[in-house]
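Shown here: upload-v5.cif, mmCIF, C-alpha atoms.
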data_structure
loop_
_atom_site.group_PDB
_atom_site.id
_atom_site.type_symbol
_atom_site.label_atom_id
_atom_site.label_comp_id
_atom_site.auth_asym_id
_atom_site.auth_seq_id
_atom_site.Cartn_x
_atom_site.Cartn_y
_atom_site.Cartn_z
ATOM 1 C CA MET A 1 15.689 -21.092 15.376
ATOM 2 C CA PHE A 2 12.056 -20.268 16.012
ATOM 3 C CA GLN A 3 9.510 -19.889 13.259
ATOM 4 C CA SER A 4 7.395 -16.765 13.190
ATOM 5 C CA SER A 5 5.138 -15.098 10.709
ATOM 6 C CA VAL A 6 6.089 -11.621 11.935
ATOM 7 C CA PHE A 7 8.471 -11.157 9.021
ATOM 8 C CA ASN A 8 5.668 -12.002 6.603
ATOM 9 C CA TYR A 9 3.710 -9.078 8.030
ATOM 10 C CA VAL A 10 6.769 -6.837 7.774
ATOM 11 C CA ASP A 11 7.214 -7.850 4.131
ATOM 12 C CA VAL A 12 3.573 -7.077 3.322
ATOM 13 C CA LEU A 13 3.823 -3.742 5.140
ATOM 14 C CA ASP A 14 6.970 -2.986 3.141
ATOM 15 C CA LYS A 15 5.201 -3.714 -0.155
ATOM 16 C CA ALA A 16 2.216 -1.606 0.934
ATOM 17 C CA MET A 17 4.540 1.275 1.794
ATOM 18 C CA ASP A 18 6.172 0.963 -1.633
ATOM 19 C CA ALA A 19 2.733 1.104 -3.254
ATOM 20 C CA SER A 20 1.784 4.142 -1.194
ATOM 21 C CA TRP A 21 5.020 5.886 -2.196
ATOM 22 C CA LEU A 22 4.346 5.087 -5.854
ATOM 23 C CA ARG A 23 0.786 6.414 -5.495
ATOM 24 C CA ASN A 24 2.194 9.614 -3.988
ATOM 25 C CA GLU A 25 4.370 10.046 -7.085
ATOM 26 C CA ALA A 26 1.412 9.377 -9.405
ATOM 27 C CA ILE A 27 -0.791 11.899 -7.590
ATOM 28 C CA SER A 28 2.001 14.485 -7.618
ATOM 29 C CA ASN A 29 2.359 13.908 -11.357
ATOM 30 C CA ASN A 30 -1.400 14.359 -11.740
ATOM 31 C CA ILE A 31 -1.271 17.646 -9.851
ATOM 32 C CA SER A 32 1.619 18.940 -11.930
ATOM 33 C CA ASN A 33 -0.287 18.080 -15.137
ATOM 34 C CA ALA A 34 -3.601 19.558 -14.014
ATOM 35 C CA THR A 35 -3.533 22.119 -16.832
ATOM 36 C CA THR A 36 -2.033 19.886 -19.536
ATOM 37 C CA PRO A 37 -4.543 19.387 -22.352
ATOM 38 C CA GLY A 38 -5.420 15.747 -22.959
ATOM 39 C CA TYR A 39 -3.673 14.488 -19.813
ATOM 40 C CA LYS A 40 -5.312 11.468 -18.202
ATOM 41 C CA ARG A 41 -4.913 10.906 -14.483
ATOM 42 C CA GLN A 42 -2.898 7.995 -13.154
ATOM 43 C CA ASP A 43 -3.367 5.892 -10.063
ATOM 44 C CA VAL A 44 -1.854 2.802 -8.480
ATOM 45 C CA ALA A 45 -3.554 -0.560 -8.043
ATOM 46 C CA PHE A 46 -2.301 -2.400 -4.971
ATOM 47 C CA GLU A 47 -5.123 -2.962 -2.514
ATOM 48 C CA SER A 48 -7.088 -5.032 -5.020
ATOM 49 C CA VAL A 49 -3.935 -7.027 -5.884
ATOM 50 C CA LEU A 50 -3.309 -7.731 -2.186
ATOM 51 C CA LYS A 51 -6.937 -8.719 -1.589
ATOM 52 C CA ARG A 52 -6.867 -11.116 -4.537
ATOM 53 C CA ALA A 53 -3.527 -12.593 -3.416
ATOM 54 C CA MET A 54 -4.765 -13.202 0.127
ATOM 55 C CA GLY A 55 -7.847 -14.991 -1.109
ATOM 56 C CA SER A 56 -11.356 -14.927 0.244
ATOM 57 C CA ARG A 57 -11.571 -18.046 2.352
ATOM 58 C CA ARG A 58 -13.426 -17.010 5.424
ATOM 59 C CA TYR A 59 -12.073 -19.507 7.937
ATOM 60 C CA GLU A 60 -8.448 -19.471 6.874
ATOM 61 C CA PRO A 61 -6.022 -18.014 9.467
ATOM 62 C CA THR A 62 -4.659 -14.570 8.639
ATOM 63 C CA ASP A 63 -1.070 -15.784 9.071
ATOM 64 C CA PHE A 64 -1.655 -18.347 6.340
ATOM 65 C CA LYS A 65 -3.284 -15.755 4.057
ATOM 66 C CA VAL A 66 -0.375 -13.350 4.483
ATOM 67 C CA ALA A 67 2.180 -16.078 3.763
ATOM 68 C CA LYS A 68 0.188 -17.145 0.707
ATOM 69 C CA ALA A 69 0.033 -13.544 -0.534
ATOM 70 C CA LEU A 70 3.803 -13.218 -0.323
ATOM 71 C CA ASN A 71 4.221 -16.259 -2.544
ATOM 72 C CA LYS A 72 2.315 -14.414 -5.259
ATOM 73 C CA SER A 73 3.412 -11.340 -7.119
ATOM 74 C CA LEU A 74 2.540 -8.359 -4.929
ATOM 75 C CA ARG A 75 3.599 -5.530 -7.161
ATOM 76 C CA PRO A 76 1.805 -2.217 -7.333
ATOM 77 C CA ARG A 77 0.686 -1.346 -10.828
ATOM 78 C CA VAL A 78 0.398 2.184 -12.202
ATOM 79 C CA TYR A 79 -2.537 2.589 -14.546
ATOM 80 C CA THR A 80 -4.025 5.449 -16.531
ATOM 81 C CA GLU A 81 -7.704 6.246 -16.208
ATOM 82 C CA TYR A 82 -8.934 6.581 -19.763
ATOM 83 C CA GLU A 83 -12.476 5.602 -18.884
ATOM 84 C CA SER A 84 -13.255 8.440 -16.502
ATOM 85 C CA LEU A 85 -15.226 11.314 -17.878
ATOM 86 C CA SER A 86 -13.453 14.247 -19.429
ATOM 87 C CA TYR A 87 -15.748 17.041 -18.388
ATOM 88 C CA ARG A 88 -13.258 19.644 -19.544
ATOM 89 C CA LEU A 89 -12.993 20.920 -23.100
ATOM 90 C CA ASP A 90 -9.261 20.144 -23.221
ATOM 91 C CA LYS A 91 -10.002 16.412 -22.572
ATOM 92 C CA ASN A 92 -8.067 16.432 -19.293
ATOM 93 C CA ASN A 93 -9.899 14.173 -16.827
ATOM 94 C CA GLU A 94 -8.648 15.307 -13.459
ATOM 95 C CA ASP A 95 -9.848 17.638 -10.756
ATOM 96 C CA ILE A 96 -7.134 19.416 -8.780
ATOM 97 C CA GLU A 97 -9.192 19.544 -5.552
ATOM 98 C CA THR A 98 -9.813 15.792 -5.677
ATOM 99 C CA GLU A 99 -6.121 15.142 -6.313
ATOM 100 C CA ASN A 100 -5.151 17.252 -3.294
ATOM 101 C CA VAL A 101 -7.565 15.313 -1.073
ATOM 102 C CA MET A 102 -6.228 12.017 -2.422
ATOM 103 C CA LEU A 103 -2.655 13.186 -1.764
ATOM 104 C CA ALA A 104 -3.481 14.016 1.858
ATOM 105 C CA ALA A 105 -5.288 10.680 2.337
ATOM 106 C CA ASN A 106 -2.358 8.793 0.835
ATOM 107 C CA GLN A 107 0.108 10.576 3.105
ATOM 108 C CA LEU A 108 -1.982 9.546 6.122
ATOM 109 C CA LYS A 109 -2.043 5.964 4.833
ATOM 110 C CA TYR A 110 1.746 5.972 4.423
ATOM 111 C CA GLN A 111 2.204 7.307 7.956
ATOM 112 C CA GLY A 112 -0.108 4.599 9.308
ATOM 113 C CA LEU A 113 1.849 1.902 7.479
ATOM 114 C CA PHE A 114 5.099 3.353 8.800
ATOM 115 C CA ASP A 115 3.743 3.342 12.353
ATOM 116 C CA SER A 116 2.618 -0.280 11.934
ATOM 117 C CA MET A 117 6.067 -1.274 10.699
ATOM 118 C CA LYS A 118 7.680 0.524 13.624
ATOM 119 C CA GLN A 119 5.350 -1.276 16.045
ATOM 120 C CA GLU A 120 6.285 -4.672 14.574
ATOM 121 C CA PHE A 121 9.955 -3.970 15.251
ATOM 122 C CA THR A 122 9.172 -2.637 18.724
ATOM 123 C CA ASN A 123 7.364 -5.903 19.453
ATOM 124 C CA LEU A 124 10.366 -7.885 18.210
ATOM 125 C CA GLN A 125 12.682 -5.891 20.473
ATOM 126 C CA ALA A 126 10.440 -6.559 23.454
ATOM 127 C CA VAL A 127 10.434 -10.295 22.743
ATOM 128 C CA MET A 128 14.214 -10.384 22.406
ATOM 129 C CA LYS A 129 14.791 -8.730 25.797
#
Now, as a test, write the supplied structure out as structure tokens.
Amino acid sequence: MFQSSVFNYVDVLDKAMDASWLRNEAISNNISNATTPGYKRQDVAFESVLKRAMGSRRYEPTDFKVAKALNKSLRPRVYTEYESLSYRLDKNNEDIETENVMLAANQLKYQGLFDSMKQEFTNLQAVMK
């Protein structure tokens, strides 16, 4: 059996897609609560978790960083933004236009991750032929 790090990349892409899906749900929830008094917007932390897990050593190979990141807990975390300003009288801290832009950007990110995952499997098929 040969050893390859391609499945490490697939696993990281899978976790990133899960995080993007979770972010989509959080943004949709934000949009549906845009008029709820006192509602505080939610978001998902994943990119910072992945960056921390991969480390910041400059001359370390990416394959090693990805493998190291998988050994750590790469779970997206939903958090509520209490600190952001509530510029509305009802203490709601979200802006519907911003949420719509973030939803569109997240959908593009998800599609890019999906395309990357598909390309990894296409590469595997080509190698196996």
TODO: Output the residue selection produced by the PyMOL selection byres ((chain A and resi 16) around 10) on the file above, formatted as a list in words.
DONE: Val10, Asp11, Val12, Leu13, Asp14, Lys15, Met17, Asp18, Ala19, Ser20, Trp21, Leu22, Phe46, Glu47, Leu50, Leu74, Arg75, Pro76, Lys109, Tyr110, Leu113 and Phe114 of chain A
Task: Distance criterion (all atoms listed in the file): nearest to A:Val101 out of A:Asn33, A:Ile27, A:Leu89, A:Ala67 - done: A:Ile27
Open item on the list: When you look at A:Ser86 with a cut-off of 12 Å (counting all atoms listed in the file), what residues show up, excluding the ones that are within fewer than 6 positions of it in the same chain? I need them as a PyMOL selection string.
Closed with: chain A and resi 37-41+92-95
- [ ] Identify which of the residues A:Arg77, A:Arg57, A:Lys65, A:Arg88 lies closest to A:Val44, counting only C-alpha atoms when measuring atom-to-atom distances.
- [x] A:Arg77
- [ ] Translate the PyMOL selection byres ((chain A and resi 80-83) around 8), as applied to the file shown, into an explicit residue set as a PyMOL selection string.
- [x] chain A and resi 40-43+78-79+84-85
Take the residues from that selection and write them out as an mmCIF file, in the frame of the given file, keeping C-alpha atoms.
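Below is the file that was written, result.cif:
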data_model
loop_
_atom_site.group_PDB
_atom_site.id
_atom_site.type_symbol
_atom_site.label_atom_id
_atom_site.label_comp_id
_atom_site.auth_asym_id
_atom_site.auth_seq_id
_atom_site.Cartn_x
_atom_site.Cartn_y
_atom_site.Cartn_z
ATOM 1 C CA LYS A 40 -5.312 11.468 -18.202
ATOM 2 C CA ARG A 41 -4.913 10.906 -14.483
ATOM 3 C CA GLN A 42 -2.898 7.995 -13.154
ATOM 4 C CA ASP A 43 -3.367 5.892 -10.063
ATOM 5 C CA VAL A 78 0.398 2.184 -12.202
ATOM 6 C CA TYR A 79 -2.537 2.589 -14.546
ATOM 7 C CA SER A 84 -13.255 8.440 -16.502
ATOM 8 C CA LEU A 85 -15.226 11.314 -17.878
#
- [ ] Could you check how far atom CA of A:Gly55 sits from atom CA of A:Tyr9, in Å to one decimal?
- [x]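 Computed distance, atom CA of A:Gly55 to atom CA of A:Tyr9, equals 15.9 Å.
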Open item on the list: Restricting the calculation to only C-alpha atoms: of A:Glu120, A:Asp90, A:Glu99, A:Asp115, which residue gets closest to A:Glu25?
Closed with: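 Nearest candidate to A:Glu25 out of A:Glu120, A:Asp90, A:Glu99, A:Asp115: A:Glu99.
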TODO: Could you jot down the atom CA of A:Ser116 to atom CA of A:Thr62 separation for me, Å, one decimal place?
DONE: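 That distance, rounded to one decimal, is 16.4 Å.
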- [ ] Grab the atom CA of A:Val66 to atom CA of A:Gln107 distance for me, in Å with one decimal place.
- [x] 24.0 Å
- [ ] Select all residues near (-2.9, 19.5, -7.8) (cut-off 9 Å, inclusive, file coordinates), counting only C-alpha atoms, and output them as a VMD selection string.
- [x] chain A and resid 27 to 34 95 to 100 103
Task: Nearest candidate to A:Ala26 (options A:Ser73, A:Asn8, A:Met102, A:Met54; using all atoms listed in the file) - done: A:Met102
Task: From A:Thr122, A:Thr36, A:Phe64, A:Ala69, residue lying nearest A:Val49 [all atoms listed in the file] - done: A:Ala69
- [ ] Tell me, as JSON, numbers by chain, which residues lie within 10 Å of A:Leu124, counting only C-alpha atoms; anything in the same chain fewer than 5 positions away does not count.
- [x] {"A": [6, 7, 118, 119, 129]}
Taking only N, CA, C and O atoms, show stretch 81-112 of chain A of the given structure as an mmCIF file, in the first residue's frame.
data_model
loop_
_atom_site.group_PDB
_atom_site.id
_atom_site.type_symbol
_atom_site.label_atom_id
_atom_site.label_comp_id
_atom_site.auth_asym_id
_atom_site.auth_seq_id
_atom_site.Cartn_x
_atom_site.Cartn_y
_atom_site.Cartn_z
ATOM 1 N N GLU A 81 -22.022 37.226 18.776
ATOM 2 C CA GLU A 81 -21.314 38.503 18.850
ATOM 3 C C GLU A 81 -22.035 39.460 19.787
ATOM 4 O O GLU A 81 -22.930 40.185 19.395
ATOM 5 N N TYR A 82 -21.630 39.436 21.040
ATOM 6 C CA TYR A 82 -22.190 40.372 22.013
ATOM 7 C C TYR A 82 -21.465 41.703 21.975
ATOM 8 O O TYR A 82 -22.011 42.723 22.343
ATOM 9 N N GLU A 83 -20.206 41.672 21.539
ATOM 10 C CA GLU A 83 -19.379 42.863 21.606
ATOM 11 C C GLU A 83 -19.695 43.892 20.524
ATOM 12 O O GLU A 83 -19.395 45.056 20.680
ATOM 13 N N SER A 84 -20.254 43.437 19.406
ATOM 14 C CA SER A 84 -20.475 44.397 18.324
ATOM 15 C C SER A 84 -21.532 45.422 18.731
ATOM 16 O O SER A 84 -22.396 45.170 19.557
ATOM 17 N N LEU A 85 -21.426 46.565 18.145
ATOM 18 C CA LEU A 85 -22.294 47.667 18.507
ATOM 19 C C LEU A 85 -23.748 47.372 18.176
ATOM 20 O O LEU A 85 -24.058 46.782 17.151
ATOM 21 N N SER A 86 -24.611 47.777 19.051
ATOM 22 C CA SER A 86 -26.045 47.727 18.797
ATOM 23 C C SER A 86 -26.479 49.145 18.459
ATOM 24 O O SER A 86 -26.750 49.952 19.343
ATOM 25 N N TYR A 87 -26.488 49.453 17.190
ATOM 26 C CA TYR A 87 -26.822 50.807 16.781
ATOM 27 C C TYR A 87 -28.321 50.994 16.622
ATOM 28 O O TYR A 87 -28.789 52.052 16.270
ATOM 29 N N ARG A 88 -29.069 49.943 16.907
ATOM 30 C CA ARG A 88 -30.522 50.019 16.828
ATOM 31 C C ARG A 88 -31.106 50.168 18.231
ATOM 32 O O ARG A 88 -30.532 49.701 19.213
ATOM 33 N N LEU A 89 -32.243 50.794 18.324
ATOM 34 C CA LEU A 89 -32.883 51.008 19.620
ATOM 35 C C LEU A 89 -33.346 49.704 20.262
ATOM 36 O O LEU A 89 -33.450 49.622 21.483
ATOM 37 N N ASP A 90 -33.632 48.693 19.443
ATOM 38 C CA ASP A 90 -34.118 47.419 19.999
ATOM 39 C C ASP A 90 -32.978 46.496 20.423
ATOM 40 O O ASP A 90 -33.194 45.342 20.752
ATOM 41 N N LYS A 91 -31.746 46.993 20.400
ATOM 42 C CA LYS A 91 -30.534 46.260 20.839
ATOM 43 C C LYS A 91 -30.173 45.081 19.936
ATOM 44 O O LYS A 91 -29.350 44.257 20.299
ATOM 45 N N ASN A 92 -30.765 44.988 18.783
ATOM 46 C CA ASN A 92 -30.381 43.988 17.789
ATOM 47 C C ASN A 92 -29.114 44.498 17.118
ATOM 48 O O ASN A 92 -29.016 45.669 16.788
ATOM 49 N N ASN A 93 -28.126 43.641 16.903
ATOM 50 C CA ASN A 93 -26.834 44.119 16.395
ATOM 51 C C ASN A 93 -26.516 43.641 14.980
ATOM 52 O O ASN A 93 -25.366 43.502 14.620
ATOM 53 N N GLU A 94 -27.524 43.387 14.192
ATOM 54 C CA GLU A 94 -27.214 42.932 12.839
ATOM 55 C C GLU A 94 -27.788 43.853 11.781
ATOM 56 O O GLU A 94 -28.726 44.597 12.016
ATOM 57 N N ASP A 95 -27.183 43.760 10.609
ATOM 58 C CA ASP A 95 -27.590 44.547 9.458
ATOM 59 C C ASP A 95 -27.955 43.567 8.353
ATOM 60 O O ASP A 95 -27.120 42.757 7.933
ATOM 61 N N ILE A 96 -29.169 43.613 7.887
ATOM 62 C CA ILE A 96 -29.672 42.624 6.929
ATOM 63 C C ILE A 96 -28.882 42.644 5.619
ATOM 64 O O ILE A 96 -28.624 41.592 5.031
ATOM 65 N N GLU A 97 -28.448 43.822 5.163
ATOM 66 C CA GLU A 97 -27.678 43.896 3.916
ATOM 67 C C GLU A 97 -26.321 43.202 4.072
ATOM 68 O O GLU A 97 -25.870 42.482 3.187
ATOM 69 N N THR A 98 -25.682 43.413 5.210
ATOM 70 C CA THR A 98 -24.398 42.764 5.477
ATOM 71 C C THR A 98 -24.571 41.246 5.544
ATOM 72 O O THR A 98 -23.756 40.494 5.008
ATOM 73 N N GLU A 99 -25.634 40.803 6.176
ATOM 74 C CA GLU A 99 -25.889 39.361 6.285
ATOM 75 C C GLU A 99 -26.101 38.745 4.902
ATOM 76 O O GLU A 99 -25.619 37.646 4.624
ATOM 77 N N ASN A 100 -26.813 39.445 4.033
ATOM 78 C CA ASN A 100 -27.037 38.923 2.679
ATOM 79 C C ASN A 100 -25.736 38.817 1.892
ATOM 80 O O ASN A 100 -25.524 37.855 1.157
ATOM 81 N N VAL A 101 -24.859 39.799 2.056
ATOM 82 C CA VAL A 101 -23.547 39.752 1.393
ATOM 83 C C VAL A 101 -22.724 38.593 1.946
ATOM 84 O O VAL A 101 -22.081 37.849 1.201
ATOM 85 N N MET A 102 -22.755 38.428 3.270
ATOM 86 C CA MET A 102 -22.003 37.336 3.893
ATOM 87 C C MET A 102 -22.544 35.974 3.457
ATOM 88 O O MET A 102 -21.783 35.030 3.268
ATOM 89 N N LEU A 103 -23.856 35.871 3.277
ATOM 90 C CA LEU A 103 -24.462 34.627 2.807
ATOM 91 C C LEU A 103 -23.984 34.301 1.397
ATOM 92 O O LEU A 103 -23.591 33.158 1.112
ATOM 93 N N ALA A 104 -23.970 35.289 0.525
ATOM 94 C CA ALA A 104 -23.499 35.070 -0.848
ATOM 95 C C ALA A 104 -22.019 34.685 -0.864
ATOM 96 O O ALA A 104 -21.613 33.763 -1.587
ATOM 97 N N ALA A 105 -21.205 35.362 -0.059
ATOM 98 C CA ALA A 105 -19.771 35.051 0.005
ATOM 99 C C ALA A 105 -19.557 33.641 0.540
ATOM 100 O O ALA A 105 -18.692 32.897 0.038
ATOM 101 N N ASN A 106 -20.324 33.250 1.532
ATOM 102 C CA ASN A 106 -20.190 31.910 2.093
ATOM 103 C C ASN A 106 -20.610 30.844 1.092
ATOM 104 O O ASN A 106 -20.006 29.774 1.018
ATOM 105 N N GLN A 107 -21.627 31.109 0.310
ATOM 106 C CA GLN A 107 -22.056 30.153 -0.708
ATOM 107 C C GLN A 107 -20.979 29.978 -1.774
ATOM 108 O O GLN A 107 -20.743 28.870 -2.253
ATOM 109 N N LEU A 108 -20.303 31.067 -2.133
ATOM 110 C CA LEU A 108 -19.186 30.967 -3.080
ATOM 111 C C LEU A 108 -18.033 30.171 -2.483
ATOM 112 O O LEU A 108 -17.396 29.366 -3.162
ATOM 113 N N LYS A 109 -17.765 30.383 -1.197
ATOM 114 C CA LYS A 109 -16.710 29.633 -0.514
ATOM 115 C C LYS A 109 -17.034 28.139 -0.505
ATOM 116 O O LYS A 109 -16.180 27.307 -0.787
ATOM 117 N N TYR A 110 -18.284 27.807 -0.197
ATOM 118 C CA TYR A 110 -18.703 26.401 -0.170
ATOM 119 C C TYR A 110 -18.533 25.774 -1.548
ATOM 120 O O TYR A 110 -18.041 24.654 -1.677
ATOM 121 N N GLN A 111 -18.931 26.490 -2.585
ATOM 122 C CA GLN A 111 -18.802 25.968 -3.948
ATOM 123 C C GLN A 111 -17.334 25.758 -4.312
ATOM 124 O O GLN A 111 -16.973 24.766 -4.943
ATOM 125 N N GLY A 112 -16.472 26.676 -3.895
ATOM 126 C CA GLY A 112 -15.038 26.517 -4.137
ATOM 127 C C GLY A 112 -14.470 25.310 -3.412
ATOM 128 O O GLY A 112 -13.652 24.562 -3.969
#
